[in-house]
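Colleague: Next comes the structure file protein08.txt, holding compact mmCIF, C-alpha atoms and all ligand atoms.
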# COMPACT_ATOMS: atom_id res chain seq x y z
CA MET U 216 -6.49 -18.13 16.81
CA LYS U 217 -8.57 -16.88 13.85
CA ILE U 218 -8.06 -13.26 12.83
CA ILE U 219 -9.78 -11.57 9.88
CA SER U 220 -8.10 -8.80 7.92
CA ILE U 221 -10.38 -6.22 6.27
CA ASN U 222 -9.87 -3.63 3.55
CA ALA U 223 -13.11 -1.67 3.08
CA GLY U 224 -13.34 0.73 0.13
CA SER U 225 -16.25 2.95 -0.85
CA SER U 226 -17.93 0.19 -2.90
CA SER U 227 -15.91 -2.89 -2.00
CA LEU U 228 -14.81 -4.98 0.96
CA LYS U 229 -11.91 -7.43 0.84
CA PHE U 230 -11.22 -9.97 3.55
CA THR U 231 -8.65 -12.61 4.43
CA LEU U 232 -9.17 -14.99 7.33
CA PHE U 233 -5.92 -16.20 8.94
CA GLU U 234 -4.94 -18.79 11.51
CA LEU U 235 -2.27 -17.24 13.74
CA PRO U 236 0.47 -17.58 14.78
CA GLU U 237 0.77 -20.22 12.03
CA ARG U 238 0.18 -17.52 9.37
CA THR U 239 -2.09 -19.86 7.40
CA THR U 240 -4.67 -18.32 5.07
CA ILE U 241 -7.99 -20.06 5.71
CA ALA U 242 -10.23 -18.16 3.30
CA SER U 243 -10.34 -14.89 1.39
CA GLY U 244 -12.66 -12.96 -0.86
CA THR U 245 -14.18 -9.70 -1.98
CA PHE U 246 -17.53 -7.98 -1.98
CA GLU U 247 -17.81 -5.73 -5.02
CA LYS U 248 -20.12 -2.99 -6.25
CA ILE U 249 -21.64 -2.43 -2.81
CA GLY U 250 -24.57 -0.03 -3.15
CA LEU U 251 -24.86 -0.64 -6.90
CA GLU U 252 -27.35 -2.75 -8.87
CA ASP U 253 -25.05 -5.60 -9.87
CA SER U 254 -23.28 -6.33 -6.57
CA PHE U 255 -21.59 -9.72 -6.14
CA TYR U 256 -19.08 -11.49 -3.94
CA THR U 257 -16.43 -14.15 -4.24
CA ILE U 258 -15.02 -16.44 -1.55
CA LYS U 259 -11.95 -18.67 -1.90
CA TYR U 260 -11.80 -21.64 0.46
CA ASN U 261 -10.21 -25.08 0.27
CA GLY U 262 -8.88 -24.50 -3.25
CA GLU U 263 -12.31 -23.54 -4.58
CA LYS U 264 -13.78 -20.19 -5.48
CA ILE U 265 -17.48 -19.35 -5.32
CA ARG U 266 -19.06 -16.29 -6.94
CA LYS U 267 -22.58 -15.15 -6.09
CA GLU U 268 -24.71 -12.20 -7.08
CA ALA U 269 -26.63 -10.66 -4.18
CA SER U 270 -28.26 -7.47 -3.07
CA ILE U 271 -25.60 -5.62 -1.04
CA PRO U 272 -26.90 -2.08 -0.42
CA THR U 273 -24.36 -1.19 2.28
CA HIS U 274 -21.26 -2.52 4.07
CA THR U 275 -23.52 -3.86 6.84
CA GLU U 276 -25.19 -6.32 4.41
CA ALA U 277 -21.76 -7.27 3.02
CA VAL U 278 -20.53 -8.17 6.50
CA ASP U 279 -23.78 -9.96 7.44
CA THR U 280 -23.59 -12.01 4.21
CA LEU U 281 -19.95 -12.84 4.91
CA MET U 282 -20.78 -14.02 8.46
CA LYS U 283 -23.55 -16.24 7.11
CA GLU U 284 -21.29 -17.74 4.41
CA LEU U 285 -18.49 -18.42 6.90
CA LEU U 286 -20.98 -20.51 8.90
CA ASP U 287 -22.81 -22.11 5.92
CA MET U 288 -19.54 -23.10 4.22
CA ASN U 289 -18.25 -24.54 7.53
CA ILE U 290 -15.25 -22.22 7.44
CA VAL U 291 -15.95 -21.56 11.12
CA SER U 292 -18.34 -23.48 13.37
CA SER U 293 -19.12 -20.41 15.49
CA LEU U 294 -18.48 -16.72 14.84
CA ASP U 295 -16.85 -16.52 18.28
CA GLU U 296 -13.89 -18.39 16.77
CA ILE U 297 -12.93 -15.10 15.09
CA GLU U 298 -11.17 -13.37 17.95
CA GLY U 299 -9.86 -10.32 16.13
CA VAL U 300 -10.67 -8.04 13.20
CA GLY U 301 -7.87 -5.92 11.70
CA HIS U 302 -8.98 -2.97 9.60
CA ARG U 303 -6.85 -1.19 7.04
CA ILE U 304 -7.19 2.55 7.65
CA VAL U 305 -5.50 4.82 5.16
CA HIS U 306 -4.88 7.93 7.27
CA GLY U 307 -4.09 8.25 10.94
CA GLY U 308 -2.38 11.63 10.70
CA SER U 309 0.67 12.12 12.90
CA GLU U 310 -1.34 10.98 15.93
CA PHE U 311 -1.52 7.24 15.24
CA THR U 312 2.07 6.05 15.19
CA GLU U 313 1.11 2.42 15.61
CA SER U 314 -1.86 0.09 15.26
CA VAL U 315 -4.57 0.71 17.82
CA VAL U 316 -7.58 -1.00 19.43
CA LEU U 317 -10.74 0.61 18.08
CA ASN U 318 -13.38 1.94 20.46
CA ASP U 319 -15.86 4.83 20.18
CA ASP U 320 -13.30 7.43 21.19
CA VAL U 321 -10.57 6.16 18.82
CA VAL U 322 -13.01 5.93 15.88
CA LYS U 323 -13.99 9.56 16.52
CA ARG U 324 -10.35 10.61 16.62
CA ILE U 325 -9.63 8.77 13.36
CA SER U 326 -12.56 10.46 11.61
CA ALA U 327 -10.82 13.79 12.28
CA TYR U 328 -8.41 12.72 9.48
CA ASN U 329 -11.17 12.03 6.95
CA GLU U 330 -10.51 15.35 5.24
CA TYR U 331 -6.93 14.22 4.48
CA ALA U 332 -8.16 11.03 2.74
CA PRO U 333 -11.78 11.74 1.77
CA LEU U 334 -12.03 8.81 -0.66
CA HIS U 335 -10.62 6.24 1.74
CA ASN U 336 -10.99 6.93 5.46
CA PRO U 337 -14.81 7.27 5.62
CA ALA U 338 -15.11 3.98 3.68
CA ASN U 339 -12.60 2.26 5.99
CA LEU U 340 -14.70 3.39 8.96
CA LEU U 341 -17.89 1.97 7.40
CA GLY U 342 -16.16 -1.41 7.56
CA VAL U 343 -15.25 -0.82 11.21
CA GLU U 344 -18.84 0.08 12.11
CA ALA U 345 -20.25 -3.02 10.36
CA PHE U 346 -17.78 -5.40 12.05
CA ARG U 347 -18.21 -3.87 15.50
CA LYS U 348 -21.91 -4.77 15.17
CA ALA U 349 -21.39 -8.21 13.59
CA LEU U 350 -18.59 -9.41 15.92
CA PRO U 351 -19.06 -7.50 19.18
CA ASN U 352 -16.85 -9.92 21.15
CA ALA U 353 -13.83 -9.71 18.83
CA ILE U 354 -11.07 -7.16 19.31
CA GLN U 355 -11.21 -4.55 16.51
CA VAL U 356 -7.89 -3.04 15.50
CA GLY U 357 -7.02 -0.17 13.15
CA VAL U 358 -3.81 -0.55 11.10
CA PHE U 359 -2.81 2.66 9.32
CA ASP U 360 -1.03 3.14 5.98
CA THR U 361 0.60 6.19 7.53
CA SER U 362 1.77 4.95 10.94
CA PHE U 363 5.08 3.25 10.03
CA HIS U 364 6.23 6.53 8.46
CA GLN U 365 5.56 8.61 11.58
CA SER U 366 9.05 7.73 12.81
CA MET U 367 10.40 10.23 10.23
CA ASP U 368 12.21 13.27 11.56
CA GLU U 369 11.00 16.83 10.98
CA ILE U 370 13.78 17.46 8.50
CA HIS U 371 12.22 14.84 6.23
CA TYR U 372 8.51 15.45 6.79
CA LEU U 373 8.34 19.24 6.73
CA TYR U 374 7.79 20.99 3.40
CA PRO U 375 9.60 24.27 2.82
CA VAL U 376 6.31 26.23 2.81
CA PRO U 377 4.99 28.82 5.30
CA TYR U 378 5.29 27.11 8.72
CA GLU U 379 1.70 28.11 9.45
CA TRP U 380 0.48 25.62 6.77
CA TYR U 381 1.92 22.86 8.91
CA GLU U 382 0.92 24.27 12.31
CA LYS U 383 -2.64 25.25 11.44
CA TYR U 384 -3.58 22.81 8.69
CA GLY U 385 -1.29 19.79 9.14
CA VAL U 386 0.41 20.19 5.75
CA ARG U 387 3.40 17.82 5.92
CA ARG U 388 4.64 14.56 4.44
CA TYR U 389 2.68 11.63 5.93
CA GLY U 390 3.63 8.80 3.56
CA PHE U 391 1.51 5.77 2.62
CA HIS U 392 1.89 2.00 1.91
CA GLY U 393 3.45 1.88 5.40
CA THR U 394 2.03 -1.57 6.13
CA SER U 395 3.73 -2.99 3.04
CA HIS U 396 7.08 -1.25 3.63
CA LYS U 397 7.07 -2.47 7.24
CA TYR U 398 6.16 -6.03 6.23
CA VAL U 399 8.88 -6.44 3.58
CA TYR U 400 11.42 -4.72 5.84
CA ASN U 401 10.67 -7.17 8.66
CA GLU U 402 10.83 -10.14 6.26
CA ILE U 403 14.20 -9.18 4.77
CA LYS U 404 15.57 -8.29 8.22
CA LYS U 405 14.58 -11.74 9.49
CA PHE U 406 16.08 -13.40 6.41
CA LEU U 407 19.40 -11.51 6.59
CA GLY U 408 19.52 -11.74 10.39
CA LYS U 409 20.68 -8.12 10.78
CA ASP U 410 18.92 -5.98 13.38
CA ASN U 411 20.26 -2.57 12.40
CA LEU U 412 19.50 -3.13 8.73
CA LYS U 413 19.53 -0.17 6.32
CA ALA U 414 17.08 -0.89 3.50
CA ILE U 415 15.52 0.84 0.52
CA THR U 416 12.10 -0.71 -0.05
CA CYS U 417 10.45 -0.09 -3.43
CA HIS U 418 6.70 -0.79 -3.36
CA ILE U 419 5.83 -0.46 -7.03
CA GLY U 420 2.36 -1.56 -8.03
CA ASN U 421 -0.50 0.48 -9.38
CA GLY U 422 0.48 3.03 -6.73
CA GLY U 423 4.15 3.31 -5.89
CA SER U 424 6.47 4.54 -3.18
CA VAL U 425 10.09 4.11 -2.12
CA THR U 426 11.15 4.21 1.54
CA ALA U 427 14.54 4.55 3.22
CA ILE U 428 14.60 2.62 6.52
CA ASP U 429 17.39 2.47 9.09
CA SER U 430 17.06 0.02 12.03
CA GLY U 431 13.26 -0.02 11.71
CA LYS U 432 12.98 3.78 11.61
CA VAL U 433 11.73 5.47 8.44
CA ILE U 434 14.21 8.07 7.27
CA GLU U 435 12.10 9.25 4.34
CA THR U 436 9.39 7.98 2.01
CA SER U 437 8.45 9.25 -1.44
CA MET U 438 4.71 9.78 -0.99
CA GLY U 439 3.76 12.96 0.77
CA PHE U 440 0.75 14.83 2.08
CA THR U 441 -1.25 12.60 -0.26
CA PRO U 442 -0.44 9.48 -2.32
CA LEU U 443 -0.10 11.70 -5.43
CA ALA U 444 3.49 12.61 -4.55
CA GLY U 445 6.82 10.99 -5.35
CA LEU U 446 7.14 8.36 -8.08
CA MET U 447 5.36 8.25 -11.39
CA MET U 448 2.65 5.57 -10.99
CA GLY U 449 0.03 3.70 -13.05
CA THR U 450 -2.27 6.72 -13.39
CA ARG U 451 -0.67 9.26 -10.98
CA SER U 452 1.90 11.83 -12.01
CA GLY U 453 4.02 11.77 -8.87
CA ASP U 454 6.07 14.94 -8.26
CA ILE U 455 5.57 17.77 -10.74
CA ASP U 456 6.14 21.51 -10.64
CA PRO U 457 3.14 22.79 -8.58
CA SER U 458 2.80 25.86 -10.85
CA ILE U 459 1.56 23.57 -13.63
CA LEU U 460 -1.79 23.37 -11.82
CA GLU U 461 -2.70 27.06 -12.13
CA PHE U 462 -1.35 27.19 -15.69
CA ILE U 463 -3.37 24.20 -16.90
CA CYS U 464 -6.53 25.33 -15.07
CA ASN U 465 -6.35 28.65 -16.92
CA LYS U 466 -5.57 27.02 -20.27
CA LYS U 467 -8.29 24.36 -20.10
CA GLY U 468 -10.82 26.38 -18.09
CA ILE U 469 -11.06 23.65 -15.46
CA THR U 470 -11.08 23.77 -11.66
CA ILE U 471 -8.18 22.75 -9.41
CA GLY U 472 -10.26 19.72 -8.42
CA GLU U 473 -10.60 18.67 -12.06
CA ALA U 474 -6.91 19.19 -12.78
CA THR U 475 -5.94 17.25 -9.63
CA ASN U 476 -8.22 14.46 -10.78
CA GLU U 477 -6.29 14.33 -14.09
CA LEU U 478 -3.04 14.12 -12.12
CA ASN U 479 -4.50 11.23 -10.10
CA LYS U 480 -6.36 9.30 -12.79
CA LYS U 481 -5.06 10.25 -16.24
CA SER U 482 -1.33 10.68 -15.74
CA GLY U 483 1.57 8.33 -15.01
CA LEU U 484 2.09 5.31 -17.29
CA LEU U 485 -1.39 5.85 -18.75
CA GLY U 486 -0.88 9.56 -19.42
CA VAL U 487 2.53 9.27 -21.06
CA SER U 488 1.92 6.08 -23.07
CA GLY U 489 -1.70 6.72 -24.01
CA VAL U 490 -1.95 2.91 -23.88
CA SER U 491 -2.70 1.74 -20.33
CA SER U 492 -1.86 2.13 -16.65
CA ASP U 493 -1.00 -1.58 -16.50
CA SER U 494 2.63 -2.39 -17.12
CA ARG U 495 1.72 -5.69 -18.79
CA ASP U 496 -0.02 -3.69 -21.54
CA ILE U 497 2.94 -1.29 -21.65
CA GLU U 498 5.37 -4.20 -22.09
CA ASP U 499 3.22 -5.67 -24.89
CA ALA U 500 3.07 -2.28 -26.60
CA ILE U 501 6.85 -1.89 -26.33
CA ALA U 502 7.27 -5.33 -27.93
CA SER U 503 5.19 -4.17 -30.87
CA GLY U 504 7.28 -1.02 -31.29
CA ASN U 505 5.20 1.63 -29.49
CA GLU U 506 7.66 4.43 -28.71
CA ARG U 507 5.50 6.29 -26.21
CA ALA U 508 5.07 3.09 -24.23
CA LYS U 509 8.87 2.77 -24.14
CA LEU U 510 9.14 6.41 -23.07
CA ALA U 511 6.61 5.81 -20.27
CA GLN U 512 8.61 2.81 -18.99
CA ASP U 513 11.86 4.78 -19.19
CA ILE U 514 10.49 7.75 -17.23
CA TYR U 515 9.00 5.39 -14.64
CA ALA U 516 12.26 3.49 -14.19
CA SER U 517 14.28 6.69 -14.06
CA LYS U 518 12.14 8.10 -11.22
CA VAL U 519 12.50 4.93 -9.14
CA ALA U 520 16.26 4.78 -9.82
CA ASN U 521 16.74 8.40 -8.76
CA TYR U 522 14.85 7.84 -5.49
CA ILE U 523 17.01 4.79 -4.79
CA ALA U 524 20.17 6.86 -5.38
CA MET U 525 18.88 9.68 -3.16
CA TYR U 526 17.86 7.32 -0.38
CA ASN U 527 21.17 5.49 -0.58
CA ASN U 528 22.75 8.86 0.14
CA MET U 529 20.38 9.54 3.06
CA LEU U 530 21.17 6.12 4.53
CA ASP U 531 24.90 6.68 4.02
CA GLY U 532 24.88 3.42 2.06
CA ALA U 533 22.04 0.89 2.07
CA ASP U 534 22.57 -2.79 3.01
CA VAL U 535 19.82 -4.01 0.70
CA ILE U 536 17.34 -2.89 -1.97
CA VAL U 537 13.93 -4.59 -1.97
CA PHE U 538 11.37 -4.72 -4.78
CA THR U 539 7.75 -5.54 -3.95
CA ALA U 540 4.08 -5.16 -5.12
CA GLY U 541 2.63 -5.81 -8.60
CA LEU U 542 5.52 -4.56 -10.74
CA GLY U 543 8.29 -5.07 -8.19
CA GLU U 544 7.36 -8.74 -7.76
CA ASN U 545 6.32 -9.57 -11.31
CA SER U 546 7.99 -7.37 -13.89
CA LYS U 547 11.53 -8.51 -14.67
CA ASP U 548 11.67 -5.83 -17.39
CA MET U 549 10.90 -3.03 -14.95
CA ARG U 550 13.44 -4.32 -12.40
CA GLU U 551 16.02 -4.44 -15.18
CA ALA U 552 15.09 -0.96 -16.42
CA ILE U 553 15.48 0.43 -12.88
CA VAL U 554 18.70 -1.32 -11.92
CA SER U 555 20.35 -0.40 -15.24
CA ARG U 556 20.02 3.21 -14.02
CA ILE U 557 21.81 2.74 -10.69
CA HIS U 558 25.12 1.45 -12.01
CA SER U 559 26.81 4.40 -10.32
CA LEU U 560 25.99 2.67 -7.01
CA GLY U 561 27.70 -0.51 -8.23
CA VAL U 562 24.40 -2.39 -8.31
CA THR U 563 23.94 -5.07 -10.97
CA LEU U 564 21.34 -7.76 -11.59
CA ASP U 565 21.85 -11.46 -12.26
CA LEU U 566 19.66 -11.64 -15.36
CA ASP U 567 18.96 -15.37 -14.91
CA ALA U 568 17.94 -14.93 -11.27
CA ASN U 569 15.84 -11.91 -12.23
CA ASN U 570 13.95 -13.95 -14.81
CA MET U 571 11.10 -14.92 -12.47
CA ARG U 572 7.84 -13.67 -10.93
CA GLY U 573 6.55 -13.47 -7.41
CA GLU U 574 9.28 -15.32 -5.49
CA PHE U 575 11.23 -14.25 -2.42
CA LYS U 576 14.64 -14.20 -4.11
CA CYS U 577 17.98 -12.43 -4.45
CA VAL U 578 18.11 -11.09 -8.04
CA SER U 579 21.42 -9.19 -7.98
CA SER U 580 24.75 -10.52 -9.24
CA LYS U 581 27.39 -11.79 -6.82
CA ASP U 582 29.56 -8.69 -7.24
CA SER U 583 26.68 -6.19 -6.82
CA LYS U 584 27.72 -3.64 -4.15
CA ILE U 585 24.20 -3.70 -2.71
CA PRO U 586 22.17 -6.93 -2.89
CA VAL U 587 18.74 -6.65 -4.52
CA TYR U 588 15.86 -8.85 -3.35
CA VAL U 589 12.31 -9.43 -4.46
CA VAL U 590 10.14 -9.83 -1.35
CA PRO U 591 6.44 -10.47 -2.01
CA THR U 592 4.35 -8.16 0.16
CA ASN U 593 1.40 -9.27 2.27
CA GLU U 594 -0.40 -6.29 3.76
CA GLU U 595 -3.34 -8.48 4.84
CA LEU U 596 -1.03 -10.67 6.92
CA MET U 597 0.71 -7.64 8.44
CA ILE U 598 -2.71 -6.27 9.49
CA ALA U 599 -3.63 -9.64 11.01
CA LEU U 600 -0.27 -9.89 12.83
CA ASP U 601 -0.71 -6.46 14.44
CA THR U 602 -4.24 -7.45 15.49
CA TYR U 603 -2.93 -10.71 16.96
CA ASP U 604 -0.23 -8.84 18.90
CA LEU U 605 -2.74 -6.38 20.37
CA LYS U 606 -5.11 -9.24 21.26
CA ASN U 607 -2.28 -10.93 23.19
CA LYS U 608 -1.11 -7.79 24.98
P1 LIG U 701 -0.64 -3.82 -7.25
O1 LIG U 701 -1.19 -2.44 -7.14
O2 LIG U 701 0.48 -4.09 -6.31
O3 LIG U 701 -1.70 -4.89 -7.23
O4 LIG U 701 0.03 -3.91 -8.70
C1 LIG U 701 -0.74 -3.94 -9.87
C2 LIG U 701 0.15 -3.68 -11.07
O5 LIG U 701 1.21 -4.65 -11.12
C3 LIG U 701 -0.58 -3.87 -12.40
O6 LIG U 701 -1.25 -2.71 -12.78
C4 LIG U 701 0.56 -4.18 -13.31
O7 LIG U 701 1.06 -2.95 -13.79
C5 LIG U 701 1.62 -4.82 -12.46
N1 LIG U 701 1.80 -6.26 -12.78
C6 LIG U 701 1.16 -7.30 -12.24
N2 LIG U 701 1.58 -8.47 -12.80
C7 LIG U 701 2.51 -8.14 -13.72
C8 LIG U 701 3.33 -8.88 -14.64
N3 LIG U 701 3.27 -10.21 -14.72
N4 LIG U 701 4.17 -8.19 -15.43
C9 LIG U 701 4.24 -6.86 -15.37
N5 LIG U 701 3.51 -6.09 -14.52
C10 LIG U 701 2.65 -6.71 -13.72
Can I see the file as structure tokens?
Modeller:
Amino acid sequence: MKIISINAGSSSLKFTLFELPERTTIASGTFEKIGLEDSFYTIKYNGEKIRKEASIPTHTEAVDTLMKELLDMNIVSSLDEIEGVGHRIVHGGSEFTESVVLNDDVVKRISAYNEYAPLHNPANLLGVEAFRKALPNAIQVGVFDTSFHQSMDEIHYLYPVPYEWYEKYGVRRYGFHGTSHKYVYNEIKKFLGKDNLKAITCHIGNGGSVTAIDSGKVIETSMGFTPLAGLMMGTRSGDIDPSILEFICNKKGITIGEATNELNKKSGLLGVSGVSSDSRDIEDAIASGNERAKLAQDIYASKVANYIAMYNNMLDGADVIVFTAGLGENSKDMREAIVSRIHSLGVTLDLDANNMRGEFKCVSSKDSKIPVYVVPTNEELMIALDTYDLKNK
């Protein structure tokens, strides 16, 4: 059965077409700069990649163009072959605890959470609207970044603020990257063959979060009410003293919105190093002796290490630590910098095994008290698998 996985942003749309249950990727691609002058798209199929410039004023034209290309390139012989469309939706509040079939009523209920993720949710729903028109016979499914984390208990999702903030305005920890944490957890659980597995999953890419999971239930995750919380990231600060906001607004004469924007876009690795948000640039700068780049890497690694130690405590001892996403899968230096800071847990790397990129692999030494694995994430596949399951229900 063919299932297409969709990630619609405000000016982009990414797709991956899968054959399930075989888990084969048939084709993938992106539509970029939707609504701008120089829009273009790329499609990868049969080992080849095409790139075309085209007028793409809205998501509807992006989806119509994609449907036409799928037919013209003989990727499908009829659009009816695509039996399901899985949409990434960033925020489903505490209401959507699992993936859901999208209909008018559900779409309306999801849009109630737009104010929690104003940059993402409305764009995700534009994708939904376009695909509901283009493929009216296919099942449309919403897969939320937040839903895996809704198994958290109150003790871990409530902030110690006036209770009314939670009751009236929904201020609580929601957590994000749930699709990725769930995917790598399921993969490592399958591999280790242990049902009641206690895992600490570290999704560290441009955004980053760490999650403590016990027997498939999220105990706690480092992102919070928004993805700004928790770890230091590429351009986000992660946790800081909230009083800094008022102080810096007064000092710089800027609004809270402007200061929050600096915390989202100008902080993290970029803010501390002054070099880049990309850890490849940071590693190059360190190699050429840039001390602030080294400081940025050290702070980053220290934050991840401290979350791992805290979550190991919450889990009363983890069975496994997993690294995933851009840095987790590809940066041996960052893995080394993190693990060198959790020696108190008896965790050590095998430096030879760690000297690799992007493989599903155990990278800890034989005597490490907790094994450490790299598990490449695949959020697109997880979205397609949930869609497939709901189609077969
Ligand atoms: P993601 O958000 O998961 O796509 O991760 C993107 C980030 O992964 C980039 O900004 C880089 O910081 C990091 N990354 C990707 N490849 C490498 C690599 N070979 N070495 C170090 N960092 C990498």
Colleague: How would you report the residues lying within 8 Å of ligand LIG 701 (chain U), as a PyMOL selection string, if you count only C-alpha atoms and all ligand atoms?
Modeller: chain U and resi 418-423+449+492-496+498+539-549+572
Colleague: Just give me the gap between CA of Ile241 in chain U and CA of Ile218 in chain U in Å, one decimal is fine.
Modeller: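 Interatomic distance here is 9.8 Å.
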Colleague: Report the distance between CA of Thr273 in chain U and CA of Leu317 in chain U in Å, rounded to one decimal place.
Modeller: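 CA of Leu317 in chain U lies at a distance of 20.9 Å from CA of Thr273 in chain U.
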Colleague: Might you pull out every residue within 12 Å of range 319-321 of chain U, with all atoms listed in the file counted and same-chain residues fewer than 4 positions away left off, and present them as a list of chain:residue names?
Modeller: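 Result of the neighbour search: U:Gly307, U:Glu310, U:Phe311, U:Ser314, U:Val315, U:Ile325, U:Ser326, U:Ala327, U:Tyr328, U:Leu340, U:Val343, U:Glu344, U:Arg347, U:Gln355, U:Val356, U:Gly357.
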Colleague: Work out how far CA of Ala516 in chain U is from CA of Leu446 in chain U, in Å to one decimal.
Modeller: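 Taking CA of Leu446 in chain U and CA of Ala516 in chain U, their separation equals 9.3 Å.
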Colleague: Rank U:Leu478, U:Ile403, U:Ile598, U:Leu560 by their smallest atom-to-atom distance to Asn521 in chain U, using all atoms listed in the file, and report the top residue only.
Modeller: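 The answer is U:Leu560, which sits nearest to Asn521 in chain U.
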Colleague: Got a sec to check which residues sit within 10 Å of (-14.5, -6.5, 1.4), counting all atoms listed in the file, and write them as a list in words?
Modeller: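 The distance filter leaves exactly Ser220, Ile221, Asn222, Ala223, Gly224, Ser225, Ser226, Ser227, Leu228, Lys229, Phe230, Thr231, Ser243, Gly244, Thr245, Phe246, Glu247, Ile249, Tyr256, Thr257, His274, Ala277, Val278, Leu281 and Gly342 of chain U.
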Colleague: My list of candidates is U:Ala520, U:Ile536, U:Ile469, U:Ile265. Which is closest to Ser559 in chain U when distances are computed with all atoms listed in the file?
Modeller: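 Among U:Ala520, U:Ile536, U:Ile469, U:Ile265, it is U:Ala520 that comes nearest to Ser559 in chain U.
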Colleague: Around (1.9, -17.2, 13.9) in the file's frame, which residues reach within 9 Å when counting all atoms listed in the file? Return as number ranges by chain?
Modeller: U: 216, 234-239, 600, 603
Colleague: Neighbours of Gln512 in chain U within 9 Å (all atoms listed in the file; same-chain residues fewer than 5 positions away dropped), as a list in words?
Modeller: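 The filter keeps Leu484, Ser488, Ser494, Ile497, Glu498, Ile501, Arg507, Ser517, Met549 and Ala552 of chain U.
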